[in-house]
Amino acid sequence: MNFEIIYDFTQNNVEFNFKEYFQLLKSKEENWRNYNQLYPFPNETIISILFSLARRYKICTKNVHYSICLLQRYFGLFEFNKKNRTPSSSNKLLLPTNSSKEQQLLNEFQISICALNISCKLNQVYWCKTMEFKSIINSYFEKDSYLKIEIEFLDIIKFHISIPLISDFVGIIIDGLYLSKTQEDTYKSIIDFIYFKPSEFLCKQSFTLLALSVLCITFSINDPNSINYYIKWASNISNYTTQSIQLQINNIIKIAFNDKMTLKIFNEQIWDEMPYLKKWSEYKSWNTLKLPKKGESINITTPILMDIKPPDLDVIRIFGKGILVWKHINHLELRVKAILVYEGGQLIIGNEQCKFKYKATITLIGDSIYTEVNQTINGNEYGQKVIGIDNGGTIELHGEVTKTTWTKLKTTISPLTLVKSKSSNIITLLDDVSDWPIGSEILITSTDYDMEQSETNFIDHCSTCKTNEIKLKNPIKYLHWGSITKGVDERAEVALLSRNIKIQGEVGKICKNSKLVCDFFPFDSFGAHIMIKKGFLNAHFFGVELYNVGQSHVISRYPIHFHLCGRVDELGGYRKPAYIQHCSVHKSFSRCYVVHGTDGLLIHDNIGFDSIGHCFMLCDGIEMDNQFSHNLGAVTRYGLLFPHDRSCEMCSRIQPKDFNGNPTKCTECNAVSTFWISNPWNTLIDNVAAGSDSTGIWYLFSDYPSGLSFQRGVKEKIKPFLLPVKKFYNNNIHSCTNGLQIDGGIKLTKPSKKEPQQLNSMINARYKPRSNPKDINSKPSPSIFNGATIYKNKWRGCWARGGFLFIKNFKIADNAIGFTFASEGTLPIDSSGGVGQQIYKSLIVGESDNKGQQSNDIPMVNGRTYPYGENGRMPIRGFEIYDGTITLDSITFSSFKSLSNFQNSSAIGFLRFNDWQSSSETTLKNIKYLDVDKEIHFEQTLLDGDKISTLRDLDGSTTKLSNSILVRNLLFYSTNNCFYKKQWDALICNEDTRQIYICNDDTNSTNYLANQSSSSSSSMVAIRDGIENQKLEQNGLPNHSPRNRFQFLVFKDHHYDFHFPNHPTPPVLRVQPMNWKQSERLTFGICIGISKGINVTVLKTINGTYGNTNDIVELYPTFSKNLISESTYYLDDVTSILYIMYYQYNSKTHYSYCPENGCEELVIKISGKNSGRVTGDCQSLAYGSSFTLFDEVVNRKFENSFRMDKSIIFNSEYAYHGNAYLPFHPTSSSKSQIKFKCNHCIPIVGIKYFELWVNGNRYSNQRISIQLFYTINGKQFNSPPFPIDKNYFKKNSWVLVRILFENLKNLLPKNHLPFISSFDGLSIINSLASTQPSLFLDNIKFIYDN
């Protein structure tokens, strides 16, 4: 057989000499030779495989040897005693003696698996997977098909080895070795002694007893006082350690050590029957020989059985050998201000094998934060009204629970239907709830937009109820949906809130806190809390009810709070990992279940209801490998602790102004969530978020962990925004404002001028999961969200921003907007923004049959609840397209019905009022529409993002034309290859869309107009194919002031020119084509505005953006537009347009905007004495036919042209275009004007614009006006003056003034218009009565409407 593949598993591919190492270890262990005589080692092949797997899974190779030896001992002892034992047929032992070679290999294979299993336990490697071992080992024997057997992980030893309880023996021995911290030599010597003296007791007792004996002896030798270690592993042996067995163990110890010592062991299962427990009720149990009195603080340092209800106490401290155990009797209550458990102390109610069956209550008492003592353990603060578990402490709370703690309705219920029902107040549930106790409190969640429709009730006695029915004590108030409607499960959850073990806070009737707290929470919010800190020995919560818990005004005072505990699973050294299971938190004043700086915690099948602040919470963003499964959270309210907990009102009250003195923005707050997931490397399975003031489940992605974990996060390079989602599966979200939110982060730094937001406020943060989560430059890694039901959320079902997000098997219904994707990054700064998202195999429903019930100001519109606003007119969208590259595949849209002339409801729409970027690579395929009035909807708004909205239908399932593109109904897009879809007000085109991003890279040197604050001052115009009315004007993206980035959607194989109509062309432009393919070309023009007195440089980057690559090529000028290539450019002297060809050298993937090596760009640099002096608008020169009034000379059609020639100034260095310009001296005289007079030479129709170029000379604030004059019945009239805004005048710069001719005509008296066929001229006049500084005019003309 060939075993070369073994070495692939070694670290760094370094070969390992297994045989040599094996011999070396054997030589060090004298006794091992004796074991070889009993039973031979497996052959070298098996040993090699074991060691290779051990190295792969980081198992200590020495422990593999020791595990083999344990098996050898076992088999040898079997031979020694086989005459005294007869294996049953079902547990036949397979031995290699007298067997074929094939059978021997099979036996050795089984032995190797067993040994590796033991080795895993020895190293606390519980994640080893036997089936994977099997497949790897089988690969070595792939030619021998008979060796391909199926072996289950836990059954290997049971079914192939005959001596009973061997797995328990091995597990207990190994657990004891690690927990007792014994010396290895002592441990081995004891085992050797018992193994080589088996005749005295082996055939009489089980291996489990033998194992317990070994542990008892080992403990007593090394640490006779370490009784608390027994509790750590005792649960593993609870089935065997009855009192009678303890006596047998003692007998074995006596035989082995000649009765020199005897040690007893505690068993969890019979805690309250142990003779070593001292009863609370007996005075001799206490050092004072008196029972604790009211108000007294006590220390428990010995095992105490609480068998009575004590008086109200101050503080109970449990430490050393102290154990407080609840007796199994009903209605025991402990009222105390605080319980502190540490340094070996234990608080125990029930255990894993014997759950507490009766009612047990701990009430934490205390008046207010101002009167109670802040409790501490060894300097660690725990606060007030607390159960605190510190280093070395144990808390075991195990209440008996029902078969299911929450289920769903099977039929819809409402106040009306229950009244009319023959079985009044009986509701039918999905599961068997026959064991739900009478009198228990239950929760029925809202199934509408108003989370306050969640309501509680109590279970009444019902003799006629079926196993899945309960009778409610009180009438219900609201309708609760109970069926699957149109494929979406909208059934209400019904949860049992009551538990046998109850931890509660005693609260008063009024608020006793600061005015701020009482204004928002006018009740006593000083509840109880449980805090567990690092170093605890055990922490298990099972079937516990927590009521009146949490403190709304203090950080870290939460119902159950694991605080900076590190790993609490096997990898953290816990044989029994910590968990919270089947618990109930309700009426919480601060959160529900908080995991803070803790990894590996299981939070399973819990309920959190009516809580303030995030309910299920990962605190800092450093928490990983935690599992939230089958939990239910409902009615999560805004809280005060952090900005992300607060409402907008709370934020404004607590922090009215930001660092710069501006009002605090609501976007810093408004993020309270039922599930707050601040690190994606955690597991969410089968949870329900049933109502939140803000969001159901929020995934957020900060640069580093926050709060107390910040420094550690930076040191260990833990970056939440780079971590993929570990697992998200089958979660349910409803009755929130927003359902699932995948976006944003926490501000980690204090406020500053540059970043004025408050600490811990919500900020923009983009999710960029990477294959190496410590390196942003590593390849993108997918994050998969598999399965969710999201319905009845007031705003969005889901908003997801990030790279490589895959959404599948979602069912979404009854949201204002079903789902919105947003991109990972922004171009041109972040070229990784092209990482795309995909949603597939999902169902999106507009309106289900669940019409809801009106409540709390949520109105009814057209017979159903409608919280979306706009008086019922807001357009409902199933899927909303925004700024990233998105793929929609195999989506079914159902039930989108529009109200005629009232409301647009569409399956697919675009983000409203969108002034952001977009992607031309968004695609649809395999789309189905069921009962949909409008498949696609374009909003009427025309911001930048609105204008470039597009998508491609790959298979024609939406447009009926495969590989067609969908764009807005604008002339800019209308070609011969498009047709108009009236229902959508859209164009469907057989064109290829691409994008161009043009960035002003030097806003500081750009000669803007004075009114820079106006977004239109920085606009840019694109003209398609040289036809002036085929234009599109963009105002720029809003991430810079003034706006300096402009995105255009263009068609391949068409020509585009770009102009700056409101200011001179910037001195540095970066042109970045997006979504172009390898070898594609685009010829385009950039208006420079003037061709004299300037210098132009054009650079091309090939492998990366400008400034991030050295691969730059300079283009050179050519003398003809027809000679342009990818290496040349042409500047037209007449039109002042710079023509350039873009050629893409590299290929790109579908989801990327740019090639993998980096975006390819063209960089245009303009310099020279006339740079920045002329508005970059060449439209009139390039496209328009005109009627010129002045250009070098005055048009001779005007009567005073020769006289006006005398005032012309000839200066080619200063003129806008050519050599001459007109001066204008606006004086206080009424004759101060420039008048162009003719005889009916200006037609009233056919003119589109009046244009002139103005130069403020040495000033920039002059005011002039334009006047038309005309004749009616021989009488001359002047139109009212049309003022030119003073902001057009720029010192020593030429600015284009373009006025719609229609605006000039609109100033005329309406009764004159029927009598005017033409105008007799135009005057340029002084707008002020006073004299103003001189200014210059050039290129004055009317532009015809072509």
# chains A, B, ... in the order shown; residues from 1 in each chain; ligands from 1
>>> closest_atom_pairs(of="range 947-1004 of chain A", to="range 1076-1099 of chain A", cutoff="9 Å", atoms="only C-alpha atoms", output="Markdown table")
| residue | atom | partner | partner_atom | distance |
| --- | --- | --- | --- | --- |
| A:Thr993 | CA | A:Trp1076 | CA | 9.0 |
| A:Arg994 | CA | A:Trp1076 | CA | 6.2 |
| A:Gln995 | CA | A:Trp1076 | CA | 7.7 |
>>> write_last_selection(atoms="N, CA, C and O atoms", output="short mmCIF file (atom, residue, chain, number, x, y, z; two decimals), in the first residue's frame")
data_model
loop_
_atom_site.label_atom_id
_atom_site.label_comp_id
_atom_site.auth_asym_id
_atom_site.auth_seq_id
_atom_site.Cartn_x
_atom_site.Cartn_y
_atom_site.Cartn_z
N THR A 993 -25.03 47.76 -21.96
CA THR A 993 -24.78 48.89 -21.07
C THR A 993 -23.39 48.78 -20.43
O THR A 993 -22.93 47.70 -20.09
N ARG A 994 -22.78 49.93 -20.30
CA ARG A 994 -21.52 50.06 -19.59
C ARG A 994 -21.62 51.33 -18.75
O ARG A 994 -22.61 52.05 -18.81
N GLN A 995 -20.59 51.64 -17.99
CA GLN A 995 -20.62 52.82 -17.14
C GLN A 995 -19.32 53.59 -17.23
O GLN A 995 -18.25 53.01 -17.50
#
>>> select_by_dssp(residues="range 1096-1250 of chain A", states="strand (DSSP E)", output="VMD selection string")
chain A and resid 1096 to 1101 1112 to 1114 1116 to 1117 1128 to 1131 1137 to 1143 1161 to 1167 1186 to 1191 1193 to 1194 1209 to 1210 1220 to 1224 1233 to 1243 1247 to 1250
>>> residues_around(residues="range 1211-1222 of chain A", least_positions_apart="4", cutoff="10 Å", atoms="only C-alpha atoms", output="NGL selection string")
:A and (1089-1093 or 1134 or 1136 or 1169-1170 or 1173-1175 or 1190-1194 or 1204-1207 or 1234 or 1253-1255 or 1292-1295 or 1335-1340)
>>> closest_atom_pairs(of="range 466-562 of chain A", to="range 367-384 of chain A", cutoff="12 Å", atoms="only C-alpha atoms", output="CSV")
residue,atom,partner,partner_atom,distance
A:Gly505,CA,A:Asp367,CA,10.4
A:Glu506,CA,A:Asp367,CA,8.4
A:Val507,CA,A:Asp367,CA,7.6
A:Gly508,CA,A:Asp367,CA,7.7
A:Lys509,CA,A:Asp367,CA,11.0
A:Ile510,CA,A:Ser368,CA,10.8
A:Cys511,CA,A:Ser368,CA,9.1
A:Lys512,CA,A:Ser368,CA,6.2
A:Asn513,CA,A:Ser368,CA,7.4
A:Ser514,CA,A:Ile369,CA,10.1
A:Phe523,CA,A:Ser368,CA,12.0
A:Asp524,CA,A:Ser368,CA,8.6
A:Ser525,CA,A:Ser368,CA,9.2
A:Phe526,CA,A:Ser368,CA,6.4
A:Gly527,CA,A:Gln384,CA,9.0
A:Ala528,CA,A:Gln384,CA,7.7
A:His529,CA,A:Gln384,CA,8.2
A:Ile530,CA,A:Tyr382,CA,8.9
A:Met531,CA,A:Tyr382,CA,7.1
A:Ile532,CA,A:Tyr382,CA,9.3
A:Lys533,CA,A:Asn380,CA,9.2
A:Lys534,CA,A:Asn380,CA,10.9
A:Val549,CA,A:Gln384,CA,11.6
A:Gly550,CA,A:Gln384,CA,10.5
A:Gln551,CA,A:Ile369,CA,9.3
A:Ser552,CA,A:Ile369,CA,11.0
A:His553,CA,A:Ile369,CA,9.2
A:Val554,CA,A:Gly383,CA,9.0
A:Ile555,CA,A:Gly383,CA,10.0
A:Ser556,CA,A:Tyr382,CA,8.7
A:Arg557,CA,A:Gly383,CA,7.4
A:Tyr558,CA,A:Gly383,CA,10.7
A:His561,CA,A:Tyr382,CA,10.9
>>> residues_around(residues="range 336-347 of chain A", least_positions_apart="3", cutoff="8 Å", atoms="only C-alpha atoms", output="MDAnalysis selection string")
chainID A and resid 228 301 312:325 362:366 375 377 384:397 536:537
>>> write_last_selection(atoms="N, CA, C and O atoms", output="short mmCIF file (atom, residue, chain, number, x, y, z; two decimals), in the first residue's frame")
data_model
loop_
_atom_site.label_atom_id
_atom_site.label_comp_id
_atom_site.auth_asym_id
_atom_site.auth_seq_id
_atom_site.Cartn_x
_atom_site.Cartn_y
_atom_site.Cartn_z
N ASN A 228 -13.81 19.77 45.60
CA ASN A 228 -14.62 20.48 44.60
C ASN A 228 -14.33 20.04 43.18
O ASN A 228 -15.13 20.24 42.28
N THR A 301 -19.20 28.23 53.66
CA THR A 301 -17.91 27.60 53.34
C THR A 301 -17.96 26.10 53.49
O THR A 301 -16.94 25.42 53.35
N ASP A 312 -35.35 37.48 54.98
CA ASP A 312 -34.64 38.34 54.02
C ASP A 312 -33.21 38.57 54.50
O ASP A 312 -32.98 38.95 55.66
N LEU A 313 -32.27 38.34 53.60
CA LEU A 313 -30.86 38.45 53.96
C LEU A 313 -30.19 39.58 53.19
O LEU A 313 -30.72 40.07 52.18
N ASP A 314 -29.02 39.93 53.65
CA ASP A 314 -28.25 40.98 52.98
C ASP A 314 -27.44 40.38 51.83
O ASP A 314 -27.85 40.43 50.69
N VAL A 315 -26.29 39.81 52.15
CA VAL A 315 -25.43 39.23 51.11
C VAL A 315 -25.03 37.83 51.52
O VAL A 315 -24.68 37.58 52.68
N ILE A 316 -25.11 36.89 50.59
CA ILE A 316 -24.61 35.53 50.80
C ILE A 316 -23.35 35.36 49.96
O ILE A 316 -23.36 35.56 48.74
N ARG A 317 -22.26 35.00 50.63
CA ARG A 317 -21.02 34.69 49.93
C ARG A 317 -20.76 33.19 50.05
O ARG A 317 -20.74 32.64 51.16
N ILE A 318 -20.53 32.54 48.90
CA ILE A 318 -20.28 31.10 48.87
C ILE A 318 -18.88 30.92 48.28
O ILE A 318 -18.63 31.29 47.13
N PHE A 319 -17.99 30.32 49.06
CA PHE A 319 -16.62 30.16 48.58
C PHE A 319 -15.96 29.00 49.32
O PHE A 319 -16.55 28.38 50.22
N GLY A 320 -14.70 28.70 48.96
CA GLY A 320 -14.00 27.58 49.56
C GLY A 320 -14.69 26.27 49.24
O GLY A 320 -14.91 25.94 48.08
N LYS A 321 -15.06 25.52 50.32
CA LYS A 321 -15.80 24.27 50.13
C LYS A 321 -17.30 24.48 50.22
O LYS A 321 -18.08 23.53 50.32
N GLY A 322 -17.70 25.75 50.13
CA GLY A 322 -19.11 26.08 50.30
C GLY A 322 -19.96 25.66 49.11
O GLY A 322 -19.60 25.89 47.96
N ILE A 323 -21.09 25.03 49.42
CA ILE A 323 -22.07 24.64 48.41
C ILE A 323 -23.44 24.96 48.97
O ILE A 323 -23.75 24.60 50.11
N LEU A 324 -24.25 25.64 48.18
CA LEU A 324 -25.64 25.88 48.56
C LEU A 324 -26.53 25.10 47.60
O LEU A 324 -26.57 25.40 46.41
N VAL A 325 -27.20 24.07 48.16
CA VAL A 325 -28.00 23.16 47.35
C VAL A 325 -29.47 23.29 47.75
O VAL A 325 -29.79 23.29 48.95
N ILE A 362 -35.64 32.74 43.70
CA ILE A 362 -34.65 33.63 44.32
C ILE A 362 -35.09 35.05 43.99
O ILE A 362 -35.18 35.43 42.81
N THR A 363 -35.40 35.83 45.01
CA THR A 363 -35.81 37.22 44.81
C THR A 363 -34.68 38.11 45.30
O THR A 363 -34.30 38.06 46.49
N LEU A 364 -34.17 38.90 44.40
CA LEU A 364 -33.10 39.83 44.74
C LEU A 364 -33.73 41.16 45.09
O LEU A 364 -34.49 41.74 44.31
N ILE A 365 -33.42 41.64 46.29
CA ILE A 365 -34.12 42.80 46.82
C ILE A 365 -33.17 43.99 46.91
O ILE A 365 -31.95 43.85 46.92
N GLY A 366 -33.75 45.16 46.99
CA GLY A 366 -32.98 46.40 47.09
C GLY A 366 -33.82 47.55 46.62
O GLY A 366 -34.60 47.44 45.65
N GLN A 375 -21.64 45.62 45.14
CA GLN A 375 -20.94 44.43 45.62
C GLN A 375 -19.67 44.17 44.80
O GLN A 375 -19.62 44.43 43.59
N ILE A 377 -16.13 41.30 44.38
CA ILE A 377 -15.42 40.05 44.71
C ILE A 377 -13.97 40.26 44.32
O ILE A 377 -13.65 40.43 43.14
N GLN A 384 -25.44 45.80 42.15
CA GLN A 384 -26.45 45.57 43.19
C GLN A 384 -27.52 44.63 42.68
O GLN A 384 -27.71 44.47 41.48
N LYS A 385 -28.20 43.96 43.61
CA LYS A 385 -29.26 43.00 43.28
C LYS A 385 -28.72 41.98 42.28
O LYS A 385 -29.25 41.82 41.19
N VAL A 386 -27.65 41.29 42.68
CA VAL A 386 -26.89 40.50 41.73
C VAL A 386 -26.62 39.09 42.25
O VAL A 386 -26.45 38.87 43.45
N ILE A 387 -26.58 38.14 41.34
CA ILE A 387 -25.94 36.85 41.56
C ILE A 387 -24.64 36.90 40.76
O ILE A 387 -24.67 36.96 39.52
N GLY A 388 -23.53 36.92 41.45
CA GLY A 388 -22.24 37.07 40.80
C GLY A 388 -21.42 35.80 40.89
O GLY A 388 -21.26 35.23 41.97
N ILE A 389 -20.87 35.35 39.78
CA ILE A 389 -20.05 34.15 39.72
C ILE A 389 -18.66 34.58 39.28
O ILE A 389 -18.45 34.99 38.14
N ASP A 390 -17.70 34.44 40.18
CA ASP A 390 -16.34 34.89 39.90
C ASP A 390 -15.42 33.68 39.75
O ASP A 390 -15.87 32.53 39.64
N ASN A 391 -14.13 33.94 39.74
CA ASN A 391 -13.13 32.91 39.52
C ASN A 391 -13.31 31.74 40.50
O ASN A 391 -13.39 31.91 41.70
N GLY A 392 -13.39 30.51 39.92
CA GLY A 392 -13.55 29.32 40.73
C GLY A 392 -14.97 29.03 41.17
O GLY A 392 -15.22 28.03 41.85
N GLY A 393 -15.92 29.87 40.81
CA GLY A 393 -17.30 29.68 41.23
C GLY A 393 -18.08 28.81 40.26
O GLY A 393 -17.75 28.67 39.09
N THR A 394 -19.16 28.20 40.78
CA THR A 394 -20.03 27.34 39.98
C THR A 394 -21.47 27.74 40.21
O THR A 394 -21.88 27.97 41.35
N ILE A 395 -22.24 27.82 39.12
CA ILE A 395 -23.69 27.98 39.24
C ILE A 395 -24.34 26.92 38.36
O ILE A 395 -24.03 26.80 37.17
N GLU A 396 -25.17 26.10 38.97
CA GLU A 396 -25.89 25.05 38.27
C GLU A 396 -27.37 25.20 38.57
O GLU A 396 -27.82 24.92 39.69
N LEU A 397 -28.13 25.70 37.61
CA LEU A 397 -29.57 25.87 37.76
C LEU A 397 -30.24 25.02 36.69
O LEU A 397 -30.14 25.32 35.50
N PHE A 536 -14.72 31.11 36.04
CA PHE A 536 -15.73 30.29 36.70
C PHE A 536 -15.47 28.81 36.38
O PHE A 536 -14.90 28.46 35.35
N LEU A 537 -15.91 27.93 37.28
CA LEU A 537 -15.73 26.50 37.05
C LEU A 537 -16.87 25.91 36.22
O LEU A 537 -16.63 25.15 35.29
#
>>> closest_residue(among="A:Thr1006, A:Arg646, A:Asp775, A:Thr820", to="Asn760 in chain A", atoms="only C-alpha atoms")
A:Arg646
>>> residues_around(residues="Phe1319 in chain A", least_positions_apart="3", cutoff="10 Å", atoms="only C-alpha atoms", output="list in words")
Lys1237, Cys1238, Asn1239, His1240, Cys1241, Ile1242, Pro1243, Ile1244, Leu1268, Phe1269, Tyr1270, Thr1271, Phe1277, Asn1278, Ile1316 and Leu1322 of chain A
>>> select_by_dssp(residues="range 378-508 of chain A", states="helix (DSSP H, G or I)", output="list in words")
Pro415, Leu416, Thr417, Leu418, Val419, Lys420, Met451, Glu452 and Gln453 of chain A
>>> closest_residue(among="A:Phe806, A:Trp676, A:Pro1280, A:Arg591", to="Gly639 in chain A", atoms="only C-alpha atoms")
A:Arg591
>>> residues_around(residues="range 742-754 of chain A", least_positions_apart="6", cutoff="7 Å", atoms="only C-alpha atoms", output="PyMOL selection string")
chain A and resi 659-660+698-702+706+760-767+799-801
>>> closest_residue(among="A:Asn1103, A:Asn772, A:Asn926, A:Thr447", to="Asn732 in chain A", atoms="only C-alpha atoms")
A:Thr447
>>> residues_around(residues="Ile603 in chain A", least_positions_apart="4", cutoff="10 Å", atoms="only C-alpha atoms", output="PyMOL selection string")
chain A and resi 541+578-583+593-595+616+626-631+684
>>> write_last_selection(atoms="N, CA and C atoms", output="mmCIF file, in the first residue's frame")
data_model
loop_
_atom_site.group_PDB
_atom_site.id
_atom_site.type_symbol
_atom_site.label_atom_id
_atom_site.label_comp_id
_atom_site.auth_asym_id
_atom_site.auth_seq_id
_atom_site.Cartn_x
_atom_site.Cartn_y
_atom_site.Cartn_z
ATOM 1 N N PHE A 541 -27.373 27.135 32.840
ATOM 2 C CA PHE A 541 -28.726 27.622 33.113
ATOM 3 C C PHE A 541 -29.686 26.810 32.249
ATOM 4 N N ALA A 578 -20.276 25.813 28.910
ATOM 5 C CA ALA A 578 -21.348 26.626 29.496
ATOM 6 C C ALA A 578 -22.515 26.742 28.522
ATOM 7 N N TYR A 579 -23.703 26.913 29.078
ATOM 8 C CA TYR A 579 -24.867 27.088 28.210
ATOM 9 C C TYR A 579 -25.991 27.796 28.950
ATOM 10 N N ILE A 580 -26.907 28.326 28.120
ATOM 11 C CA ILE A 580 -28.189 28.865 28.602
ATOM 12 C C ILE A 580 -29.251 28.189 27.749
ATOM 13 N N GLN A 581 -30.088 27.351 28.349
ATOM 14 C CA GLN A 581 -31.067 26.599 27.572
ATOM 15 C C GLN A 581 -32.434 26.627 28.248
ATOM 16 N N HIS A 582 -33.465 26.755 27.403
ATOM 17 C CA HIS A 582 -34.868 26.634 27.833
ATOM 18 C C HIS A 582 -35.233 27.653 28.919
ATOM 19 N N CYS A 583 -34.578 28.801 28.893
ATOM 20 C CA CYS A 583 -34.852 29.830 29.897
ATOM 21 C C CYS A 583 -35.845 30.862 29.359
ATOM 22 N N TYR A 593 -30.164 38.351 27.101
ATOM 23 C CA TYR A 593 -29.026 37.437 27.210
ATOM 24 C C TYR A 593 -27.835 38.117 26.562
ATOM 25 N N VAL A 594 -26.790 38.390 27.344
ATOM 26 C CA VAL A 594 -25.666 39.184 26.858
ATOM 27 C C VAL A 594 -24.386 38.348 26.899
ATOM 28 N N VAL A 595 -23.734 38.265 25.756
ATOM 29 C CA VAL A 595 -22.465 37.559 25.617
ATOM 30 C C VAL A 595 -21.397 38.620 25.372
ATOM 31 N N PHE A 616 -30.995 39.698 22.663
ATOM 32 C CA PHE A 616 -29.898 38.738 22.538
ATOM 33 C C PHE A 616 -28.716 39.507 21.957
ATOM 34 N N ASN A 626 -20.115 31.469 19.170
ATOM 35 C CA ASN A 626 -21.308 31.296 20.002
ATOM 36 C C ASN A 626 -22.452 30.813 19.127
ATOM 37 N N GLN A 627 -23.372 30.097 19.729
ATOM 38 C CA GLN A 627 -24.505 29.570 18.969
ATOM 39 C C GLN A 627 -25.821 30.012 19.584
ATOM 40 N N PHE A 628 -26.607 30.710 18.770
ATOM 41 C CA PHE A 628 -27.972 31.077 19.126
ATOM 42 C C PHE A 628 -28.900 30.177 18.307
ATOM 43 N N SER A 629 -29.624 29.307 18.974
ATOM 44 C CA SER A 629 -30.492 28.390 18.234
ATOM 45 C C SER A 629 -31.860 28.290 18.899
ATOM 46 N N HIS A 630 -32.867 28.357 18.071
ATOM 47 C CA HIS A 630 -34.257 28.156 18.492
ATOM 48 C C HIS A 630 -34.666 29.067 19.648
ATOM 49 N N ASN A 631 -34.216 30.299 19.596
ATOM 50 C CA ASN A 631 -34.611 31.288 20.599
ATOM 51 C C ASN A 631 -35.738 32.162 20.050
ATOM 52 N N LEU A 684 -26.478 31.418 13.991
ATOM 53 C CA LEU A 684 -27.886 31.734 14.255
ATOM 54 C C LEU A 684 -28.736 30.720 13.510
#
>>> closest_residue(among="A:Asn976, A:Gln1179, A:Gln983, A:Thr1227", to="Lys1031 in chain A", atoms="only C-alpha atoms")
A:Gln1179
>>> closest_atom_pairs(of="range 878-926 of chain A", to="range 1150-1155 of chain A", cutoff="9 Å", atoms="only C-alpha atoms", output="JSON lines")
{"residue": "A:Gly884", "atom": "CA", "partner": "A:Tyr1151", "partner_atom": "CA", "distance": 8.9}
{"residue": "A:Thr885", "atom": "CA", "partner": "A:Tyr1151", "partner_atom": "CA", "distance": 6.0}
{"residue": "A:Ile886", "atom": "CA", "partner": "A:Tyr1151", "partner_atom": "CA", "distance": 8.1}
{"residue": "A:Ser919", "atom": "CA", "partner": "A:Tyr1153", "partner_atom": "CA", "distance": 8.1}
{"residue": "A:Glu921", "atom": "CA", "partner": "A:His1150", "partner_atom": "CA", "distance": 7.3}
{"residue": "A:Thr922", "atom": "CA", "partner": "A:Tyr1151", "partner_atom": "CA", "distance": 8.9}
>>> atom_distance(atom1="CA of Pro756 in chain A", atom2="CA of Asp915 in chain A")
23.9 Å
>>> closest_residue(among="A:Asp599, A:Glu545, A:Glu623, A:Asp1177", to="Val585 in chain A", atoms="only C-alpha atoms")
A:Glu545
>>> closest_residue(among="A:Leu571, A:Leu708, A:Ile349, A:Ile697", to="Gly621 in chain A", atoms="only C-alpha atoms")
A:Leu708
